[in-house]
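Student: Structure file protein_12.cif, mmCIF, C-alpha atoms (C1' of nucleotides), is pasted below:
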```
data_run
#
loop_
_atom_site.label_atom_id
_atom_site.label_comp_id
_atom_site.auth_asym_id
_atom_site.auth_seq_id
_atom_site.Cartn_x
_atom_site.Cartn_y
_atom_site.Cartn_z
CA MET W 152 0.00 0.00 0.00
CA GLY W 153 1.05 3.61 0.22
CA VAL W 154 0.79 4.16 -3.51
CA THR W 155 -1.61 6.69 -4.96
CA LYS W 156 -4.26 4.85 -6.98
CA THR W 157 -3.99 6.96 -10.10
CA GLU W 158 -5.95 4.44 -12.16
CA ILE W 159 -9.24 5.22 -10.44
CA PHE W 160 -9.12 8.94 -11.22
CA THR W 161 -9.57 10.88 -14.42
CA GLU W 162 -6.72 12.08 -16.61
CA GLN W 163 -7.58 15.65 -15.71
CA GLN W 164 -7.57 14.97 -11.98
CA ASN W 165 -4.21 13.22 -12.14
CA ARG W 166 -2.63 15.87 -14.32
CA LEU W 167 -3.79 18.72 -12.11
CA ALA W 168 -2.59 16.87 -9.00
CA VAL W 169 0.88 16.38 -10.50
CA LEU W 170 1.23 20.04 -11.41
CA LEU W 171 -0.04 21.24 -8.06
CA LYS W 172 2.25 18.86 -6.22
CA ALA W 173 5.18 20.36 -8.13
CA ILE W 174 4.27 23.81 -6.83
CA ALA W 175 3.19 22.71 -3.37
CA HIS W 176 6.51 23.27 -1.63
CA PRO W 177 7.71 26.58 -0.18
CA ALA W 178 11.15 26.20 -1.77
CA ARG W 179 9.65 25.65 -5.19
CA ILE W 180 7.24 28.55 -4.73
CA ALA W 181 10.23 30.69 -3.77
CA ILE W 182 12.16 29.46 -6.80
CA LEU W 183 9.27 30.25 -9.14
CA GLN W 184 8.89 33.70 -7.62
CA GLU W 185 12.61 34.34 -8.01
CA ILE W 186 12.53 33.22 -11.63
CA ILE W 187 9.54 35.48 -12.27
CA ASN W 188 10.78 38.51 -10.37
CA SER W 189 14.33 38.63 -11.64
CA ASN W 190 13.20 39.44 -15.15
CA ALA W 191 16.47 38.06 -16.32
CA CYS W 192 16.53 34.32 -15.73
CA ILE W 193 18.59 33.37 -12.74
CA CYS W 194 20.73 30.27 -12.47
CA GLY W 195 22.56 29.22 -9.34
CA ASP W 196 21.85 32.54 -7.67
CA LEU W 197 18.99 30.65 -6.08
CA VAL W 198 21.49 28.83 -3.89
CA SER W 199 22.67 32.08 -2.37
CA GLU W 200 19.20 33.65 -2.32
CA LEU W 201 17.39 30.79 -0.61
CA GLY W 202 19.16 29.09 2.26
CA LEU W 203 19.33 25.61 0.79
CA ALA W 204 22.23 23.47 -0.39
CA GLN W 205 23.13 23.37 -4.06
CA ALA W 206 22.07 19.73 -4.38
CA THR W 207 18.69 20.54 -2.88
CA ILE W 208 18.02 23.48 -5.20
CA SER W 209 19.09 21.43 -8.19
CA GLN W 210 16.67 18.71 -7.18
CA HIS W 211 13.79 21.17 -6.82
CA LEU W 212 14.62 22.65 -10.21
CA LYS W 213 14.54 19.16 -11.68
CA GLU W 214 11.07 18.55 -10.27
CA LEU W 215 9.78 21.82 -11.67
CA LYS W 216 11.34 20.94 -15.00
CA ASN W 217 9.85 17.43 -14.95
CA ALA W 218 6.43 18.90 -14.32
CA GLY W 219 7.06 21.12 -17.33
CA LEU W 220 6.62 24.35 -15.40
CA ILE W 221 10.10 25.65 -16.13
CA GLN W 222 12.70 25.12 -18.81
CA GLY W 223 16.47 25.38 -18.63
CA THR W 224 18.85 26.44 -21.32
CA ILE W 225 22.58 25.92 -20.97
CA GLU W 226 24.44 29.19 -20.88
CA GLY W 227 28.13 28.53 -20.74
CA ALA W 228 28.98 26.88 -17.45
CA SER W 229 25.66 27.79 -15.89
CA VAL W 230 22.05 27.04 -16.73
CA CYS W 231 19.37 29.63 -17.30
CA TYR W 232 15.96 28.68 -16.01
CA CYS W 233 12.71 30.37 -16.86
CA ILE W 234 8.99 29.77 -16.85
CA ASN W 235 7.54 27.60 -19.59
CA PRO W 236 4.90 30.00 -20.90
CA ASP W 237 2.62 27.32 -22.36
CA SER W 238 2.31 25.06 -19.33
CA TRP W 239 2.10 28.11 -17.08
CA GLU W 240 -0.87 29.36 -19.05
CA THR W 241 -2.44 25.92 -19.19
CA LEU W 242 -2.19 25.41 -15.46
CA LYS W 243 -3.48 28.91 -14.79
CA ASN W 244 -6.55 28.25 -16.91
CA GLU W 245 -7.17 24.81 -15.49
CA LEU W 246 -6.94 26.12 -11.93
CA ASP W 247 -9.10 29.05 -12.81
CA GLY W 248 -11.80 26.72 -14.08
CA PHE W 249 -11.48 24.56 -11.00
CA PHE W 250 -11.89 27.46 -8.60
CA LYS W 251 -14.67 29.08 -10.58
CA SER W 252 -16.71 25.86 -10.62
CA TYR W 253 -17.64 26.62 -7.03
CA LYS W 254 -20.62 28.95 -7.19
CA GLY W 255 -20.75 30.10 -3.59
CA PRO W 256 -22.32 28.61 -0.45
CA THR W 257 -25.41 26.43 -0.59
CA THR W 258 -28.20 26.22 1.95
CA CYS W 259 -27.11 23.02 3.66
CA CYS W 260 -24.06 23.80 5.83
CA MET E 247 17.20 15.30 7.41
CA GLY E 248 14.14 15.21 5.18
CA VAL E 249 12.18 17.93 6.95
CA THR E 250 10.99 20.95 5.01
CA LYS E 251 12.83 24.01 6.29
CA THR E 252 9.77 26.21 6.77
CA GLU E 253 11.73 28.74 8.83
CA ILE E 254 13.69 30.01 5.86
CA PHE E 255 10.61 30.88 3.81
CA THR E 256 8.05 33.64 4.13
CA GLU E 257 4.68 33.22 5.82
CA GLN E 258 2.99 33.61 2.49
CA GLN E 259 5.11 30.98 0.78
CA ASN E 260 4.51 28.47 3.55
CA ARG E 261 0.78 29.15 3.68
CA LEU E 262 0.34 28.79 -0.06
CA ALA E 263 2.41 25.59 -0.06
CA VAL E 264 0.24 24.06 2.68
CA LEU E 265 -2.98 24.87 0.84
CA LEU E 266 -1.68 23.61 -2.48
CA LYS E 267 -0.39 20.43 -0.89
CA ALA E 268 -3.86 19.81 0.47
CA ILE E 269 -5.30 19.98 -3.04
CA ALA E 270 -2.40 18.25 -4.77
CA HIS E 271 -3.83 14.75 -4.71
CA PRO E 272 -6.22 13.26 -7.28
CA ALA E 273 -8.48 11.84 -4.57
CA ARG E 274 -8.79 15.22 -2.86
CA ILE E 275 -9.38 16.96 -6.18
CA ALA E 276 -12.11 14.41 -6.88
CA ILE E 277 -13.60 14.97 -3.42
CA LEU E 278 -13.64 18.73 -3.89
CA GLN E 279 -15.25 18.35 -7.32
CA GLU E 280 -17.90 16.04 -5.87
CA ILE E 281 -18.63 18.46 -3.04
CA ILE E 282 -18.93 21.30 -5.53
CA ASN E 283 -20.96 19.47 -8.16
CA SER E 284 -23.51 17.82 -5.92
CA ASN E 285 -25.03 21.13 -4.96
CA ALA E 286 -26.36 19.40 -1.91
CA CYS E 287 -23.44 18.58 0.38
CA ILE E 288 -22.51 14.94 0.21
CA CYS E 289 -21.35 12.89 3.15
CA GLY E 290 -20.12 9.34 2.88
CA ASP E 291 -21.46 9.02 -0.64
CA LEU E 292 -17.86 9.72 -1.57
CA VAL E 293 -16.93 6.23 -0.49
CA SER E 294 -19.25 4.72 -3.07
CA GLU E 295 -18.49 7.35 -5.71
CA LEU E 296 -14.71 7.11 -5.55
CA GLY E 297 -13.15 3.68 -5.31
CA LEU E 298 -11.38 4.16 -2.00
CA ALA E 299 -11.91 2.65 1.43
CA GLN E 300 -13.93 4.54 4.01
CA ALA E 301 -10.89 5.07 6.21
CA THR E 302 -9.00 6.57 3.30
CA ILE E 303 -11.76 8.96 2.33
CA SER E 304 -12.16 10.03 5.94
CA GLN E 305 -8.45 10.76 6.13
CA HIS E 306 -8.52 12.85 2.95
CA LEU E 307 -11.51 14.77 4.27
CA LYS E 308 -9.60 15.42 7.47
CA GLU E 309 -6.68 16.87 5.54
CA LEU E 310 -8.94 19.14 3.53
CA LYS E 311 -10.62 20.21 6.76
CA ASN E 312 -7.28 20.83 8.48
CA ALA E 313 -6.22 23.02 5.60
CA GLY E 314 -9.47 24.91 6.09
CA LEU E 315 -10.71 24.26 2.57
CA ILE E 316 -13.84 22.43 3.64
CA GLN E 317 -16.00 22.40 6.72
CA GLY E 318 -18.12 19.62 8.15
CA THR E 319 -21.35 19.96 10.03
CA ILE E 320 -22.81 17.02 11.89
CA GLU E 321 -26.17 16.06 10.46
CA GLY E 322 -27.56 13.29 12.58
CA ALA E 323 -25.44 10.20 12.18
CA SER E 324 -23.66 11.54 9.13
CA VAL E 325 -21.52 14.57 8.44
CA CYS E 326 -22.18 17.13 5.77
CA TYR E 327 -19.10 18.54 4.12
CA CYS E 328 -18.95 21.62 2.00
CA ILE E 329 -16.51 24.21 0.75
CA ASN E 330 -15.37 26.88 3.18
CA PRO E 331 -16.28 29.94 1.11
CA ASP E 332 -13.78 32.26 2.79
CA SER E 333 -10.67 30.13 2.45
CA TRP E 334 -11.75 29.09 -1.03
CA GLU E 335 -11.93 32.71 -2.05
CA THR E 336 -8.67 33.54 -0.32
CA LEU E 337 -6.78 30.75 -2.02
CA LYS E 338 -8.33 31.61 -5.36
CA ASN E 339 -7.13 35.19 -5.06
CA GLU E 340 -3.69 34.26 -3.78
CA LEU E 341 -3.19 31.80 -6.62
CA ASP E 342 -4.52 34.29 -9.10
CA GLY E 343 -1.96 36.82 -7.94
CA PHE E 344 0.79 34.23 -8.10
CA PHE E 345 -0.01 33.22 -11.66
CA LYS E 346 -0.56 36.75 -12.85
CA SER E 347 2.82 37.89 -11.51
CA TYR E 348 4.37 36.19 -14.50
CA LYS E 349 4.24 38.71 -17.32
CA GLY E 350 5.09 36.46 -20.23
CA PRO E 351 8.40 35.27 -21.71
CA THR E 352 11.57 37.32 -21.51
CA THR E 353 14.35 37.54 -24.03
CA CYS E 354 16.81 35.21 -22.34
CA CYS E 355 15.57 31.63 -22.84
"C1'" DC J 290 -31.67 -1.39 24.86
"C1'" DA J 291 -29.68 -4.13 21.04
"C1'" DT J 292 -28.72 -3.32 16.16
"C1'" DT J 293 -27.69 -0.96 12.33
"C1'" DT J 294 -25.64 3.07 9.98
"C1'" DA J 295 -22.18 6.67 9.42
"C1'" DT J 296 -17.61 8.44 10.59
"C1'" DA J 297 -13.41 8.89 12.92
"C1'" DT J 298 -9.20 7.09 14.63
"C1'" DC J 299 -5.35 3.68 15.39
"C1'" DG J 300 -1.72 1.01 13.78
"C1'" DC J 301 0.79 -0.64 10.25
"C1'" DA J 302 3.13 -1.56 5.67
"C1'" DA J 303 4.58 0.37 1.37
"C1'" DT J 304 6.22 4.14 -0.80
"C1'" DA J 305 7.45 9.09 -1.64
"C1'" DT J 306 9.63 13.35 -0.33
"C1'" DT J 307 13.15 16.32 1.56
"C1'" DA J 308 17.75 17.58 2.43
"C1'" DC J 309 22.54 17.26 1.93
"C1'" DG J 310 27.47 15.66 1.54
"C1'" DA J 311 30.24 13.64 -1.83
"C1'" DT J 312 31.18 12.91 -6.38
"C1'" DT J 313 30.97 13.66 -11.32
"C1'" DA J 314 30.67 16.34 -15.61
"C1'" DT J 315 31.29 20.49 -18.07
"C1'" DT J 316 32.78 24.89 -18.99
"C1'" DT J 317 35.70 29.13 -17.78
"C1'" DT J 318 39.58 31.07 -16.26
"C1'" DT J 319 44.36 31.31 -15.36
"C1'" DA T 86 46.63 21.87 -19.18
"C1'" DA T 87 45.60 22.88 -14.14
"C1'" DA T 88 42.40 25.29 -11.23
"C1'" DA T 89 38.08 27.28 -10.37
"C1'" DA T 90 33.19 27.71 -11.05
"C1'" DT T 91 28.66 25.78 -12.09
"C1'" DA T 92 25.39 22.45 -11.98
"C1'" DA T 93 23.75 17.47 -12.10
"C1'" DT T 94 23.59 13.04 -9.98
"C1'" DC T 95 24.31 9.37 -6.39
"C1'" DG T 96 23.66 7.57 -2.00
"C1'" DT T 97 21.69 7.94 2.28
"C1'" DA T 98 19.17 9.36 6.53
"C1'" DA T 99 15.07 11.40 8.32
"C1'" DT T 100 10.50 12.11 7.78
"C1'" DA T 101 5.88 12.40 5.40
"C1'" DT T 102 2.22 10.45 2.69
"C1'" DT T 103 -0.97 6.95 1.11
"C1'" DG T 104 -4.04 3.27 1.80
"C1'" DC T 105 -6.52 0.09 4.47
"C1'" DG T 106 -8.15 -3.33 8.01
"C1'" DA T 107 -9.57 -3.20 12.55
"C1'" DT T 108 -11.54 -0.86 16.06
"C1'" DA T 109 -13.90 2.96 18.41
"C1'" DT T 110 -17.59 6.39 18.67
"C1'" DA T 111 -22.00 8.31 18.04
"C1'" DA T 112 -26.57 8.70 16.26
"C1'" DA T 113 -30.83 6.33 14.15
"C1'" DT T 114 -33.69 2.51 14.05
"C1'" DG T 115 -36.11 -1.48 15.40
#
```
Write the structure described by the file as structure tokens, please.

Tutor:
Amino acid sequence: MGVTKTEIFTEQQNRLAVLLKAIAHPARIAILQEIINSNACICGDLVSELGLAQATISQHLKELKNAGLIQGTIEGASVCYCINPDSWETLKNELDGFFKSYKGPTTCC
Amino acid sequence: MGVTKTEIFTEQQNRLAVLLKAIAHPARIAILQEIINSNACICGDLVSELGLAQATISQHLKELKNAGLIQGTIEGASVCYCINPDSWETLKNELDGFFKSYKGPTTCC
DNA sequence: CATTTATATCGCAATATTACGATTATTTTT
DNA sequence: AAAAATAATCGTAATATTGCGATATAAATG
């Protein structure tokens, strides 16, 4: 046991869960914010900005990249990470739909 | 180690991460969708709707409740769960702000 | 009041996540 | 080419999550 039963849920539910899980960590939220705010793409500056080891940051970046939320391009010895505009837009819209599907409180509770 | 270093992140980052983590599971997404779609609040119908054991559903409901996303009111022998309108709205806005802070692709990657 | 119904909680096994030191690979710099 | 800088990967320890059977709790029903 201990494994998420993905087979009993819809494609959409699983996909949304994977993307949200990728964001659902303070370090990865911080990384995304850094990438967004420094309008130039930052690389290993994250290691000095956030207080985490280089291996840890690299691992978080990998997860964000696996989820498709960011993309990295090699720039000499360092790597330049930035938001993947398409998946960012897709997730934004999907989440928007999800949150808007709730039409306010009902009478029961 | 293996413990998230919450102390090095901002309140906002930690709060958002906790809320997103609560949603970031297909079963909990399915539960939220069920609660939203059945405009009457459902109770243990979730157990028959989704293919998970009663103990598992109850645990997922607890997590959603702990995160403040849903609230349960006792209704006789059963419990009626529905969305917490305030936290739902708050999270929606916070996420909206987060996603909107990205102003499209830059020149670098 | 015994029985059924509806949920919650406990305890456990399987697995996933988080963090980091050490190492490796690659590119700059000297 | 050696040294330094940058980032990825490996291995590992600590902890968290997921799922469920078994059990507990509480209300409804007979």

Student: Counting all atoms listed in the file, which residues of chain T come no farther than 7 Å from chain W, as an MDAnalysis selection string?

Tutor: chainID T and resid 91:92 103:104

Student: Take CA of Lys338 in chain E and CA of Leu246 in chain W and report the distance between them in Å, one decimal.

Tutor: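 Value for the CA of Lys338 in chain E-CA of Leu246 in chain W distance: 8.7 Å.
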
Student: Could you give me, as CSV, a per-residue list for chain W showing, wherever an atom lies at most 6 Å from an atom of chain E, the closest pair of atoms and their distance in Å to one decimal, using all atoms listed in the file and sorting by chain then residue number from low to high?

Tutor:
```
residue,atom,partner,partner_atom,distance
W:Gln164,CA,E:Pro272,CA,5.2
W:Asn165,CA,E:Pro272,CA,5.3
W:Ala168,CA,E:Ala270,CA,4.5
W:Leu171,CA,E:Ala270,CA,5.0
W:Lys172,CA,E:Ala270,CA,4.9
W:Ala175,CA,E:Ala263,CA,4.5
W:His176,CA,E:Ala263,CA,5.0
W:Pro177,CA,E:Gln259,CA,5.2
W:Ile187,CA,E:Tyr348,CA,5.7
W:Tyr253,CA,E:Ile282,CA,5.7
```

Student: As lines of an AutoDock Vina configuration file, what would the box around range 302-308 of chain J look like: edges along x, y and z, 3 Å added on every side, centre and edge lengths in Å to one decimal?

Tutor:
```
center_x = 10.4
center_y = 8.0
center_z = 2.0
size_x = 20.6
size_y = 25.1
size_z = 13.3
```

Student: Can you provide chain W as a JSON list (two decimals) with C-alpha atoms, in the frame of the given file, superposed onto chain E by least squares across all C-alpha atoms matched in order?

Tutor:
```
[["chain", "number", "residue", "atom", "x", "y", "z"],
["W", 152, "MET", "CA", 17.11, 15.58, 7.44],
["W", 153, "GLY", "CA", 14.05, 15.09, 5.31],
["W", 154, "VAL", "CA", 12.15, 17.91, 6.97],
["W", 155, "THR", "CA", 10.99, 20.92, 5.02],
["W", 156, "LYS", "CA", 12.86, 24.00, 6.27],
["W", 157, "THR", "CA", 9.83, 26.20, 6.75],
["W", 158, "GLU", "CA", 11.79, 28.72, 8.79],
["W", 159, "ILE", "CA", 13.76, 29.99, 5.81],
["W", 160, "PHE", "CA", 10.68, 30.87, 3.76],
["W", 161, "THR", "CA", 8.12, 33.63, 4.08],
["W", 162, "GLU", "CA", 4.76, 33.23, 5.79],
["W", 163, "GLN", "CA", 3.05, 33.65, 2.45],
["W", 164, "GLN", "CA", 5.17, 30.99, 0.76],
["W", 165, "ASN", "CA", 4.55, 28.49, 3.54],
["W", 166, "ARG", "CA", 0.84, 29.17, 3.69],
["W", 167, "LEU", "CA", 0.38, 28.81, -0.06],
["W", 168, "ALA", "CA", 2.43, 25.60, -0.05],
["W", 169, "VAL", "CA", 0.25, 24.09, 2.69],
["W", 170, "LEU", "CA", -2.97, 24.89, 0.86],
["W", 171, "LEU", "CA", -1.68, 23.64, -2.46],
["W", 172, "LYS", "CA", -0.39, 20.45, -0.88],
["W", 173, "ALA", "CA", -3.89, 19.85, 0.50],
["W", 174, "ILE", "CA", -5.31, 20.01, -3.02],
["W", 175, "ALA", "CA", -2.42, 18.27, -4.74],
["W", 176, "HIS", "CA", -3.85, 14.76, -4.66],
["W", 177, "PRO", "CA", -6.24, 13.29, -7.23],
["W", 178, "ALA", "CA", -8.52, 11.88, -4.53],
["W", 179, "ARG", "CA", -8.81, 15.24, -2.84],
["W", 180, "ILE", "CA", -9.40, 16.99, -6.16],
["W", 181, "ALA", "CA", -12.13, 14.44, -6.85],
["W", 182, "ILE", "CA", -13.61, 15.00, -3.40],
["W", 183, "LEU", "CA", -13.65, 18.77, -3.87],
["W", 184, "GLN", "CA", -15.26, 18.40, -7.28],
["W", 185, "GLU", "CA", -17.90, 16.08, -5.85],
["W", 186, "ILE", "CA", -18.63, 18.50, -3.02],
["W", 187, "ILE", "CA", -18.93, 21.34, -5.52],
["W", 188, "ASN", "CA", -20.94, 19.50, -8.15],
["W", 189, "SER", "CA", -23.50, 17.85, -5.92],
["W", 190, "ASN", "CA", -25.01, 21.17, -4.95],
["W", 191, "ALA", "CA", -26.30, 19.47, -1.88],
["W", 192, "CYS", "CA", -23.38, 18.58, 0.37],
["W", 193, "ILE", "CA", -22.50, 14.94, 0.21],
["W", 194, "CYS", "CA", -21.30, 12.86, 3.12],
["W", 195, "GLY", "CA", -20.16, 9.27, 2.84],
["W", 196, "ASP", "CA", -21.43, 9.02, -0.71],
["W", 197, "LEU", "CA", -17.83, 9.75, -1.60],
["W", 198, "VAL", "CA", -16.91, 6.24, -0.51],
["W", 199, "SER", "CA", -19.22, 4.73, -3.10],
["W", 200, "GLU", "CA", -18.46, 7.36, -5.74],
["W", 201, "LEU", "CA", -14.68, 7.15, -5.57],
["W", 202, "GLY", "CA", -13.15, 3.71, -5.28],
["W", 203, "LEU", "CA", -11.38, 4.19, -1.97],
["W", 204, "ALA", "CA", -11.92, 2.67, 1.46],
["W", 205, "GLN", "CA", -13.94, 4.54, 4.05],
["W", 206, "ALA", "CA", -10.89, 5.10, 6.26],
["W", 207, "THR", "CA", -9.00, 6.58, 3.34],
["W", 208, "ILE", "CA", -11.77, 9.00, 2.37],
["W", 209, "SER", "CA", -12.18, 10.05, 5.97],
["W", 210, "GLN", "CA", -8.48, 10.77, 6.18],
["W", 211, "HIS", "CA", -8.54, 12.87, 3.01],
["W", 212, "LEU", "CA", -11.54, 14.79, 4.32],
["W", 213, "LYS", "CA", -9.63, 15.45, 7.53],
["W", 214, "GLU", "CA", -6.70, 16.89, 5.59],
["W", 215, "LEU", "CA", -8.97, 19.16, 3.59],
["W", 216, "LYS", "CA", -10.64, 20.23, 6.81],
["W", 217, "ASN", "CA", -7.29, 20.85, 8.52],
["W", 218, "ALA", "CA", -6.23, 23.04, 5.63],
["W", 219, "GLY", "CA", -9.48, 24.92, 6.13],
["W", 220, "LEU", "CA", -10.72, 24.28, 2.61],
["W", 221, "ILE", "CA", -13.85, 22.45, 3.69],
["W", 222, "GLN", "CA", -16.05, 22.37, 6.75],
["W", 223, "GLY", "CA", -18.19, 19.57, 8.14],
["W", 224, "THR", "CA", -21.41, 19.85, 10.03],
["W", 225, "ILE", "CA", -22.89, 16.87, 11.84],
["W", 226, "GLU", "CA", -26.21, 15.86, 10.37],
["W", 227, "GLY", "CA", -27.66, 13.05, 12.38],
["W", 228, "ALA", "CA", -25.49, 9.98, 11.98],
["W", 229, "SER", "CA", -23.67, 11.39, 8.99],
["W", 230, "VAL", "CA", -21.56, 14.47, 8.38],
["W", 231, "CYS", "CA", -22.22, 17.08, 5.75],
["W", 232, "TYR", "CA", -19.14, 18.52, 4.14],
["W", 233, "CYS", "CA", -18.97, 21.63, 2.03],
["W", 234, "ILE", "CA", -16.53, 24.22, 0.79],
["W", 235, "ASN", "CA", -15.39, 26.89, 3.22],
["W", 236, "PRO", "CA", -16.27, 29.96, 1.16],
["W", 237, "ASP", "CA", -13.75, 32.29, 2.83],
["W", 238, "SER", "CA", -10.63, 30.16, 2.48],
["W", 239, "TRP", "CA", -11.73, 29.12, -1.00],
["W", 240, "GLU", "CA", -11.89, 32.75, -2.03],
["W", 241, "THR", "CA", -8.63, 33.56, -0.29],
["W", 242, "LEU", "CA", -6.76, 30.76, -1.99],
["W", 243, "LYS", "CA", -8.29, 31.63, -5.35],
["W", 244, "ASN", "CA", -7.09, 35.21, -5.03],
["W", 245, "GLU", "CA", -3.66, 34.27, -3.77],
["W", 246, "LEU", "CA", -3.17, 31.81, -6.62],
["W", 247, "ASP", "CA", -4.50, 34.31, -9.08],
["W", 248, "GLY", "CA", -1.92, 36.84, -7.95],
["W", 249, "PHE", "CA", 0.81, 34.24, -8.11],
["W", 250, "PHE", "CA", 0.00, 33.22, -11.66],
["W", 251, "LYS", "CA", -0.54, 36.77, -12.86],
["W", 252, "SER", "CA", 2.86, 37.88, -11.54],
["W", 253, "TYR", "CA", 4.39, 36.16, -14.55],
["W", 254, "LYS", "CA", 4.25, 38.68, -17.37],
["W", 255, "GLY", "CA", 5.07, 36.43, -20.30],
["W", 256, "PRO", "CA", 8.36, 35.22, -21.79],
["W", 257, "THR", "CA", 11.54, 37.27, -21.59],
["W", 258, "THR", "CA", 14.30, 37.50, -24.15],
["W", 259, "CYS", "CA", 16.77, 35.16, -22.46],
["W", 260, "CYS", "CA", 15.51, 31.58, -22.90]]
```

Student: If the PyMOL selection byres ((chain J and resi 311-315) around 8) is run on the structure shown, which residues does it catch, given as number ranges by chain?

Tutor: W: 228; J: 310, 316; T: 93-95

Student: Could you write those residues out with C-alpha atoms (C1' of nucleotides), as a CSV table (one decimal), keeping the file's coordinate frame?

Tutor:
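Produced file result.csv, reproduced below:
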```csv
chain,number,residue,atom,x,y,z
W,228,ALA,CA,29.0,26.9,-17.4
J,310,DG,C1',27.5,15.7,1.5
J,316,DT,C1',32.8,24.9,-19.0
T,93,DA,C1',23.8,17.5,-12.1
T,94,DT,C1',23.6,13.0,-10.0
T,95,DC,C1',24.3,9.4,-6.4
```

Student: Find the spatial neighbours of DT318 in chain J, counting only C-alpha atoms (C1' of nucleotides), within a cut-off of 9 Å - ignore same-chain residues fewer than 3 positions away - and output them as a list of chain:residue names.

Tutor: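 Everything that qualifies: T:DA88, T:DA89, T:DA90.
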